[in-house]
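A short write-up of the structure that comes next.
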Amino acid sequence: MWMETKTEVEEVSRTRASFSRRVLNSVLLCTGDMEHFDKYMQDKWFVLQLAVWGLRGVTRVILANNPLSGTLILAALYWASPWQGLLGTLGVLASTLTAVIVGQDSAEVAGGLHGFNGMLVSLLMGVFSSAGDWYWWLLLPVCLGSATCVFLFSGLSTLLGHWDLPAAVFPFNIIIILYLLCTGENNPYFPHHPATPPGMLGPNVTELNAVQVMHGIPLGVGQIFACGALGPSLLILGAVVLYSPLLAIHALLGSAVGTLAGLSMAVRHVSLYSGLSGFNGALGCMVVGGLFFTFSWRIHLLAIASAFLSAYADIALSNLLGTVGLPACSWAATLIATLMLLLTGSLAAYRIPIGQVMAPERNLRSQGQWEAGNTEDRESTDV
Amino acid sequence: MWMETKTEVEEVSRTRASFSRRVLNSVLLCTGDMEHFDKYMQDKWFVLQLAVWGLRGVTRVILANNPLSGTLILAALYWASPWQGLLGTLGVLASTLTAVIVGQDSAEVAGGLHGFNGMLVSLLMGVFSSAGDWYWWLLLPVCLGSATCVFLFSGLSTLLGHWDLPAAVFPFNIIIILYLLCTGENNPYFPHHPATPPGMLGPNVTELNAVQVMHGIPLGVGQIFACGALGPSLLILGAVVLYSPLLAIHALLGSAVGTLAGLSMAVRHVSLYSGLSGFNGALGCMVVGGLFFTFSWRIHLLAIASAFLSAYADIALSNLLGTVGLPACSWAATLIATLMLLLTGSLAAYRIPIGQVMAPERNLRSQGQWEAGNTEDRESTDV
Amino acid sequence: MWMETKTEVEEVSRTRASFSRRVLNSVLLCTGDMEHFDKYMQDKWFVLQLAVWGLRGVTRVILANNPLSGTLILAALYWASPWQGLLGTLGVLASTLTAVIVGQDSAEVAGGLHGFNGMLVSLLMGVFSSAGDWYWWLLLPVCLGSATCVFLFSGLSTLLGHWDLPAAVFPFNIIIILYLLCTGENNPYFPHHPATPPGMLGPNVTELNAVQVMHGIPLGVGQIFACGALGPSLLILGAVVLYSPLLAIHALLGSAVGTLAGLSMAVRHVSLYSGLSGFNGALGCMVVGGLFFTFSWRIHLLAIASAFLSAYADIALSNLLGTVGLPACSWAATLIATLMLLLTGSLAAYRIPIGQVMAPERNLRSQGQWEAGNTEDRESTDV
């Protein structure tokens, strides 16, 4: 009897363990890059495939690559504003479809690399438009602008590929600036608000509200998608946690660093409260700390330095472009990230070639295997 | 008698056919790149050779390469304004001679590659000068500016050669902007008009004149040489037809696309009427549709896309540079053309290496021979 | 007796000759790049080594590389203004130390390549600050800005290394523009003067003072270190003579050319008097005439052309950046120098690879040996 009971208990506990292992496994299956999902989708309908490519494109904006995270982020955008959600969806689809038609590399298309610039262009066109929501004519420049991103992405990739640099969000930054310049403020068809430079309004008259500054930090993560509401911003942060907790930590850290940089330069309070001071810092921090470098303490410090540089460069560029009513978008973070990828010296050893970039947790593991492999190789060559 | 008559008739018809063939041949000899002419000129006087290099340089401005077209274009410029004609002649000679003295590659000099930037700089210096025609002191910056183009062309070729990109009209665009910035509007020696941005004057008060807009399309071709008169513009178009009818069609098409883009952005009516809205579109269309890509229907569509992008980018850059009183020149078309040459994916297969670029009709024929050759090669390797 | 006397005289004269030879040798030991000094310093304390690296960094600003010259220049800066001297010292140390910490190539650090940009950033921050001397908070941006130069230098070196181009003073020019943009004119913590464009004040009301214009020529050499006093400027010139007389001649010549260019464009008289018109010309002339090209008469002419181009480009860029209150720093000279290093054609044969650049006198000698070596090689291969 005793023996049997013991076996039963063992069996139950084994079943439980196996169940929790299965749950864990299926959770783990939904995190990281979800490459296995691509194999599963391989022989499905084109429309379904396109949806997955688009969702991957949505997450690429925030340096992730996971269709589930993409769903969460899209939900957050529709939650914040259905019109912005629609524009974003349209943008990512328009540019992904253009890439298919123009005949871009299919692996790139499937990885969502041709979607994120189009999405950002559409979202920012919507944010800066002064014609109000549901102004249907705006869909025309949204589709054309998103489609143009494919040409810029392809051309810039060739240009930057010489140094193994990604085209990143350069296409978005170029297209949105050209669009805003092209239409001008008083355009009869596509009017838009001018951007206000963060440091041009003189001293701030009101006192700084510490709680609102703290709110600005998670909002900085949402501002990567031009989203200024707290709830959706937290949902976006959750989507990043699903992809990679390390990346999410660096996003928050970078946003905090950006807010700090904004405080030290006495920028307008609105910039701090809305998270606009933080989002370049967040991007600059994520690129170094979570994506293109194998994580270590030295790289963590470099990520913080990168966040500070991105934030200060953003204030500088915002002041410059603000003189002609233009926003600095994510120029600062993109330029500083490109600079960091070009670094030589002992830090360059941590750099991951852009073809092998994956979720930071995977990068760490493959680095481990890789080093082990290297040691074996060395031993074998010694023999 | 009958037999004899028949033979006579046959002989007459044969003579006629041979005569018309000869005429056709000699006409064909004057079209395209006229490489045979170089051999003929090889042992002539230096002054004659320099004239031919200069005339080739004149046509390079509009992406052609034919001394006879160059003569027609120069005639058009002298017709429109003798002073502008003189400046253009001086500019092309100054920069070609500088290239000879500085010791640039002789094949490049003979192909007119060191003349066209100098010519454009001189023409634009004349157009923007507010000192009136026949202001002889202007010849000083004209000569120096044209000479400087050689240095920029040589340096930029090295820089861009890494991606098999041409230096194109970047030197002209840089030098003219620096010249206008250097002298400023109120310079006591070299005063100049400020440029008016196309979209900064608010809504247009007068009604649009459709006939004048239609006139703007051929004027857009003339504006490539900063020429705003209809007759000379048509002569310039004729010179392009002589070089390559396909190129001329794309020039007109691109100018029409540019005018359309201008209409859609509600630019100043003067921009549309004068052809200034069209010339960047024309250049953007010609580069893709007639020169650096083998012609096909996909490339034709890409050329139209390139024309639209060039035209919109021109409006954007004109608005930006107009805030400091500068013109956008052909920055837009040059940048978009460079982008198109960098494209990857299935469209890149149509790209012609810059060393093998010839008149589009020749490109088509050599592509045919090339493909035939390739097939043979493949067969022979299969065996 | 007679014989003995003669021997004595001979001995005395021999001793004298040997003494003067020794003096000459020890003087020669202090000129040029002083590589032997590095061997001597190899096993000394780190602080001493750091001092020598810093002093080399100080001279790198003016294209020299000699610790003694560095001492003279630092003395000149402290003479002109102790506060500026302190800022310069701090800047060069901060960026050199950052390079050591970040793990940059030790040969580059020892050559002072990571110090000069930091020094320039610090000096210019001090010059533009409107908070007066001994404003201790300024040390914060001075240290951070100097440290950032290391990242930019490293990244830009990778980027420009593809064409064997040096990163030169691009990092300084970028950082100082970003700093001035970031703080803005009315920043509560780090206020600064706006820059006045040289050509924007309309016609000059007072008559030109020829003596002051002549004074502007040596001041142009001092302005490379943002120093506007005559005595210290002459001491800086002396430091350059110690490194290489040929370089010093080109510095003066370039400054004169820059002043001439300023006169021809009717810039503000203050620009001419203070040497601000001359320093870009001086840099442009030194780069070509004394450093990156083997000296010859053709190169001498190219150096003068480079000085003219740098000076005119500086006026243009100053007018452009002056519209938003920014200085053009040494953008013009840096861009023109980069252009000259890219030149193709027969002039490119005189170009020295950046890894082999030394004092111009050494370059000439090694070029001689090199050509002799080449001839021998050719002979041996002929045999």
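Residues in the structure tokens are named by chain (A, B, ... in the order shown) and by number from 1 within that chain; ligands are numbered from 1 in the order shown.
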Show which residues sit within 7 Å of B:Pro194, as a VMD selection string. Count only C-alpha atoms, and ignore same-chain residues fewer than 2 positions away.
chain B and resid 185 192 196 325 to 326
Write out, as a PDB file, in the first residue's frame, the residues just selected, with C-alpha atoms.
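Final file, again08.pdb:
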```
ATOM      1  CA  GLU B 185      22.324  88.660 -51.215  1.00  0.00           C
ATOM      2  CA  HIS B 192      22.269  87.765 -56.428  1.00  0.00           C
ATOM      3  CA  THR B 196      11.626  81.793 -53.643  1.00  0.00           C
ATOM      4  CA  GLY B 325      17.035  82.022 -49.751  1.00  0.00           C
ATOM      5  CA  LEU B 326      18.755  79.154 -51.544  1.00  0.00           C
TER       6      LEU B 326
END
```
Mind dumping a table of every chain A residue within 9 Å of chain C, with the nearest atom pair and its distance in Å to one decimal, using only C-alpha atoms, sorted by chain and rising number, as a tab-separated table?
```
residue	atom	partner	partner_atom	distance
A:His162	CA	C:His162	CA	8.9
A:Trp163	CA	C:Leu159	CA	7.2
A:Gly199	CA	C:Gly184	CA	6.9
A:Met200	CA	C:Gly184	CA	7.6
A:Gly202	CA	C:Asn186	CA	6.7
A:Pro203	CA	C:Pro188	CA	7.6
A:Ser264	CA	C:Tyr189	CA	8.3
A:Met265	CA	C:Thr183	CA	6.5
A:Ala266	CA	C:Asn187	CA	7.3
A:Leu309	CA	C:Thr148	CA	8.1
A:Tyr312	CA	C:Cys182	CA	6.6
A:Ala313	CA	C:Leu178	CA	6.4
A:Asp314	CA	C:Cys182	CA	8.3
A:Ile315	CA	C:Cys182	CA	5.5
A:Ala316	CA	C:Cys182	CA	3.9
A:Leu317	CA	C:Leu181	CA	7.2
A:Ser318	CA	C:Cys182	CA	8.5
A:Asn319	CA	C:Leu181	CA	6.2
A:Leu320	CA	C:Leu181	CA	6.5
A:Thr323	CA	C:Val324	CA	7.8
A:Thr338	CA	C:Gly155	CA	8.5
A:Leu339	CA	C:Gly155	CA	5.4
A:Met340	CA	C:Gly155	CA	6.9
A:Leu341	CA	C:Gly155	CA	7.7
A:Leu342	CA	C:Gly155	CA	4.5
A:Leu343	CA	C:Gly155	CA	4.7
A:Thr344	CA	C:Ser154	CA	5.8
A:Gly345	CA	C:Gln104	CA	4.4
A:Ser346	CA	C:Gly103	CA	5.1
A:Leu347	CA	C:Gly103	CA	7.0
```
Those selected residues, please, written with N, CA and C atoms and delivered as an mmCIF file, in the first residue's frame.
```
data_model
loop_
_atom_site.group_PDB
_atom_site.id
_atom_site.type_symbol
_atom_site.label_atom_id
_atom_site.label_comp_id
_atom_site.auth_asym_id
_atom_site.auth_seq_id
_atom_site.Cartn_x
_atom_site.Cartn_y
_atom_site.Cartn_z
ATOM 1 N N HIS A 162 28.273 48.042 -46.536
ATOM 2 C CA HIS A 162 29.733 48.014 -46.610
ATOM 3 C C HIS A 162 30.381 47.932 -45.241
ATOM 4 N N TRP A 163 29.699 48.489 -44.225
ATOM 5 C CA TRP A 163 30.250 48.478 -42.868
ATOM 6 C C TRP A 163 29.412 47.564 -41.980
ATOM 7 N N GLY A 199 13.775 73.454 -26.458
ATOM 8 C CA GLY A 199 14.515 74.406 -25.629
ATOM 9 C C GLY A 199 14.326 75.852 -26.055
ATOM 10 N N MET A 200 13.323 76.133 -26.878
ATOM 11 C CA MET A 200 13.236 77.461 -27.473
ATOM 12 C C MET A 200 12.210 78.370 -26.788
ATOM 13 N N GLY A 202 12.200 79.550 -23.728
ATOM 14 C CA GLY A 202 12.704 80.300 -22.591
ATOM 15 C C GLY A 202 12.469 79.542 -21.301
ATOM 16 N N PRO A 203 12.690 80.182 -20.145
ATOM 17 C CA PRO A 203 12.548 79.487 -18.861
ATOM 18 C C PRO A 203 11.112 79.034 -18.626
ATOM 19 N N SER A 264 18.514 68.063 -17.198
ATOM 20 C CA SER A 264 19.793 68.765 -17.084
ATOM 21 C C SER A 264 19.908 69.892 -18.102
ATOM 22 N N MET A 265 19.102 69.837 -19.169
ATOM 23 C CA MET A 265 19.150 70.891 -20.179
ATOM 24 C C MET A 265 17.946 71.829 -20.062
ATOM 25 N N ALA A 266 17.129 71.648 -19.006
ATOM 26 C CA ALA A 266 15.988 72.522 -18.749
ATOM 27 C C ALA A 266 15.086 72.644 -19.977
ATOM 28 N N LEU A 309 23.921 59.954 -24.867
ATOM 29 C CA LEU A 309 24.289 60.600 -26.134
ATOM 30 C C LEU A 309 23.061 60.803 -27.013
ATOM 31 N N TYR A 312 20.854 63.667 -25.549
ATOM 32 C CA TYR A 312 21.402 65.010 -25.765
ATOM 33 C C TYR A 312 21.377 65.370 -27.247
ATOM 34 N N ALA A 313 21.731 64.406 -28.100
ATOM 35 C CA ALA A 313 21.713 64.677 -29.543
ATOM 36 C C ALA A 313 20.296 64.990 -30.001
ATOM 37 N N ASP A 314 19.307 64.335 -29.380
ATOM 38 C CA ASP A 314 17.915 64.606 -29.743
ATOM 39 C C ASP A 314 17.524 66.033 -29.380
ATOM 40 N N ILE A 315 17.944 66.501 -28.196
ATOM 41 C CA ILE A 315 17.632 67.880 -27.825
ATOM 42 C C ILE A 315 18.273 68.835 -28.841
ATOM 43 N N ALA A 316 19.534 68.557 -29.185
ATOM 44 C CA ALA A 316 20.248 69.422 -30.130
ATOM 45 C C ALA A 316 19.549 69.445 -31.486
ATOM 46 N N LEU A 317 19.228 68.256 -32.012
ATOM 47 C CA LEU A 317 18.615 68.199 -33.338
ATOM 48 C C LEU A 317 17.203 68.776 -33.317
ATOM 49 N N SER A 318 16.477 68.579 -32.216
ATOM 50 C CA SER A 318 15.135 69.158 -32.108
ATOM 51 C C SER A 318 15.213 70.675 -32.143
ATOM 52 N N ASN A 319 16.222 71.236 -31.447
ATOM 53 C CA ASN A 319 16.374 72.691 -31.472
ATOM 54 C C ASN A 319 16.709 73.173 -32.877
ATOM 55 N N LEU A 320 17.565 72.404 -33.583
ATOM 56 C CA LEU A 320 17.960 72.806 -34.939
ATOM 57 C C LEU A 320 16.780 72.714 -35.899
ATOM 58 N N THR A 323 13.752 75.155 -35.698
ATOM 59 C CA THR A 323 13.794 76.510 -36.265
ATOM 60 C C THR A 323 13.034 76.585 -37.582
ATOM 61 N N THR A 338 24.115 53.938 -34.938
ATOM 62 C CA THR A 338 25.023 53.641 -36.047
ATOM 63 C C THR A 338 26.467 53.872 -35.621
ATOM 64 N N LEU A 339 26.686 54.953 -34.885
ATOM 65 C CA LEU A 339 28.036 55.249 -34.391
ATOM 66 C C LEU A 339 28.536 54.133 -33.487
ATOM 67 N N MET A 340 27.670 53.665 -32.578
ATOM 68 C CA MET A 340 28.082 52.625 -31.634
ATOM 69 C C MET A 340 28.465 51.339 -32.369
ATOM 70 N N LEU A 341 27.730 51.052 -33.470
ATOM 71 C CA LEU A 341 28.021 49.834 -34.228
ATOM 72 C C LEU A 341 29.354 49.948 -34.970
ATOM 73 N N LEU A 342 29.845 51.181 -35.127
ATOM 74 C CA LEU A 342 31.103 51.389 -35.860
ATOM 75 C C LEU A 342 32.314 51.377 -34.939
ATOM 76 N N LEU A 343 32.075 51.351 -33.611
ATOM 77 C CA LEU A 343 33.190 51.455 -32.659
ATOM 78 C C LEU A 343 34.264 50.403 -32.904
ATOM 79 N N THR A 344 35.513 50.824 -32.740
ATOM 80 C CA THR A 344 36.629 49.876 -32.803
ATOM 81 C C THR A 344 37.123 49.644 -31.380
ATOM 82 N N GLY A 345 38.231 49.001 -31.262
ATOM 83 C CA GLY A 345 38.821 48.756 -29.948
ATOM 84 C C GLY A 345 38.213 47.553 -29.271
ATOM 85 N N SER A 346 38.428 47.416 -27.969
ATOM 86 C CA SER A 346 38.060 46.181 -27.279
ATOM 87 C C SER A 346 36.544 46.008 -27.180
ATOM 88 N N LEU A 347 35.770 47.102 -27.293
ATOM 89 C CA LEU A 347 34.314 46.965 -27.220
ATOM 90 C C LEU A 347 33.756 46.298 -28.475
#
```
Got a sec: who's within 8 Å of C:Val169, counting only C-alpha atoms, leaving out chain neighbours fewer than 5 positions off, as number ranges by chain?
C: 116-117, 330, 334
Would you save the residues of that selection, restricted to N, CA, C and O atoms, as an mmCIF file, in the first residue's frame?
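Writing done, so here's selection_39.cif:
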```cif
data_model
loop_
_atom_site.group_PDB
_atom_site.id
_atom_site.type_symbol
_atom_site.label_atom_id
_atom_site.label_comp_id
_atom_site.auth_asym_id
_atom_site.auth_seq_id
_atom_site.Cartn_x
_atom_site.Cartn_y
_atom_site.Cartn_z
ATOM 1 N N PHE C 116 43.292 65.347 -29.450
ATOM 2 C CA PHE C 116 43.142 66.687 -30.041
ATOM 3 C C PHE C 116 41.705 67.119 -30.225
ATOM 4 O O PHE C 116 41.379 68.299 -30.070
ATOM 5 N N ASN C 117 40.810 66.178 -30.517
ATOM 6 C CA ASN C 117 39.415 66.583 -30.662
ATOM 7 C C ASN C 117 38.830 67.046 -29.330
ATOM 8 O O ASN C 117 38.117 68.053 -29.282
ATOM 9 N N SER C 330 35.861 74.467 -37.930
ATOM 10 C CA SER C 330 36.788 74.140 -39.019
ATOM 11 C C SER C 330 36.156 73.137 -39.978
ATOM 12 O O SER C 330 36.844 72.338 -40.594
ATOM 13 N N THR C 334 38.186 70.953 -42.949
ATOM 14 C CA THR C 334 38.144 69.498 -42.809
ATOM 15 C C THR C 334 37.524 68.856 -44.049
ATOM 16 O O THR C 334 38.027 67.846 -44.548
#
```
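Going from atom CA of B:Cys285 to atom CA of B:Phe170 covers 17.4 Å.
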Find the residues near stretch 272-281 of chain B: any atom within 9 Å, counting only C-alpha atoms, skip ones fewer than 2 places away on the same chain, and give them as a ChimeraX atom specification.
/B:198,209,211-224,226,228-229,251-263,267-270,283-286,304,306-315,329-334
Write down as a JSON list (two decimals) with C-alpha atoms, in the first residue's frame the residues belonging to stretch 249-313 of chain B that are assigned helix (DSSP H, G or I) by DSSP computed on the backbone.
```json
[["chain", "number", "residue", "atom", "x", "y", "z"],
["B", 249, "ILE", "CA", 10.23, 60.63, -74.37],
["B", 250, "HIS", "CA", 11.25, 60.06, -70.77],
["B", 251, "ALA", "CA", 12.31, 63.69, -70.45],
["B", 252, "LEU", "CA", 8.84, 64.91, -71.49],
["B", 253, "LEU", "CA", 7.11, 62.24, -69.43],
["B", 254, "GLY", "CA", 9.15, 63.13, -66.34],
["B", 255, "SER", "CA", 8.44, 66.82, -66.78],
["B", 256, "ALA", "CA", 4.71, 66.06, -67.00],
["B", 257, "VAL", "CA", 4.93, 63.93, -63.85],
["B", 258, "GLY", "CA", 6.75, 66.76, -62.08],
["B", 259, "THR", "CA", 4.04, 69.23, -63.07],
["B", 260, "LEU", "CA", 1.42, 66.80, -61.76],
["B", 261, "ALA", "CA", 3.28, 66.50, -58.46],
["B", 262, "GLY", "CA", 3.44, 70.28, -58.25],
["B", 263, "LEU", "CA", -0.31, 70.54, -58.84],
["B", 264, "SER", "CA", -1.01, 67.98, -56.11],
["B", 269, "HIS", "CA", 1.61, 78.94, -60.24],
["B", 270, "VAL", "CA", 4.83, 80.55, -61.47],
["B", 271, "SER", "CA", 6.70, 77.34, -60.66],
["B", 272, "LEU", "CA", 4.32, 75.37, -62.87],
["B", 273, "TYR", "CA", 4.31, 77.87, -65.75],
["B", 274, "SER", "CA", 8.10, 78.28, -65.86],
["B", 279, "PHE", "CA", 12.84, 69.62, -64.49],
["B", 280, "ASN", "CA", 13.72, 67.47, -61.47],
["B", 281, "GLY", "CA", 11.04, 64.99, -62.52],
["B", 282, "ALA", "CA", 12.46, 64.98, -66.04],
["B", 283, "LEU", "CA", 15.98, 64.22, -64.79],
["B", 284, "GLY", "CA", 14.75, 61.55, -62.38],
["B", 285, "CYS", "CA", 12.77, 59.88, -65.17],
["B", 286, "MET", "CA", 15.59, 59.99, -67.72],
["B", 287, "VAL", "CA", 18.18, 58.49, -65.39],
["B", 288, "VAL", "CA", 16.09, 55.39, -64.72],
["B", 289, "GLY", "CA", 14.12, 55.05, -67.95],
["B", 290, "GLY", "CA", 16.78, 55.91, -70.44],
["B", 291, "LEU", "CA", 20.25, 55.49, -69.12],
["B", 297, "TRP", "CA", 8.03, 47.72, -68.83],
["B", 298, "ARG", "CA", 9.00, 47.25, -65.19],
["B", 299, "ILE", "CA", 11.77, 49.81, -65.61],
["B", 300, "HIS", "CA", 9.34, 52.17, -67.32],
["B", 301, "LEU", "CA", 7.13, 52.04, -64.21],
["B", 302, "LEU", "CA", 10.18, 52.52, -61.99],
["B", 303, "ALA", "CA", 11.10, 55.58, -64.07],
["B", 304, "ILE", "CA", 7.67, 57.08, -63.44],
["B", 305, "ALA", "CA", 8.03, 56.35, -59.71],
["B", 306, "SER", "CA", 11.46, 57.93, -59.79],
["B", 307, "ALA", "CA", 10.02, 61.02, -61.49],
["B", 308, "PHE", "CA", 7.34, 61.37, -58.81],
["B", 309, "LEU", "CA", 9.87, 60.91, -56.00],
["B", 310, "SER", "CA", 12.25, 63.45, -57.58],
["B", 311, "ALA", "CA", 9.48, 65.98, -58.02],
["B", 312, "TYR", "CA", 8.16, 65.65, -54.46],
["B", 313, "ALA", "CA", 11.67, 65.67, -52.99]]
```
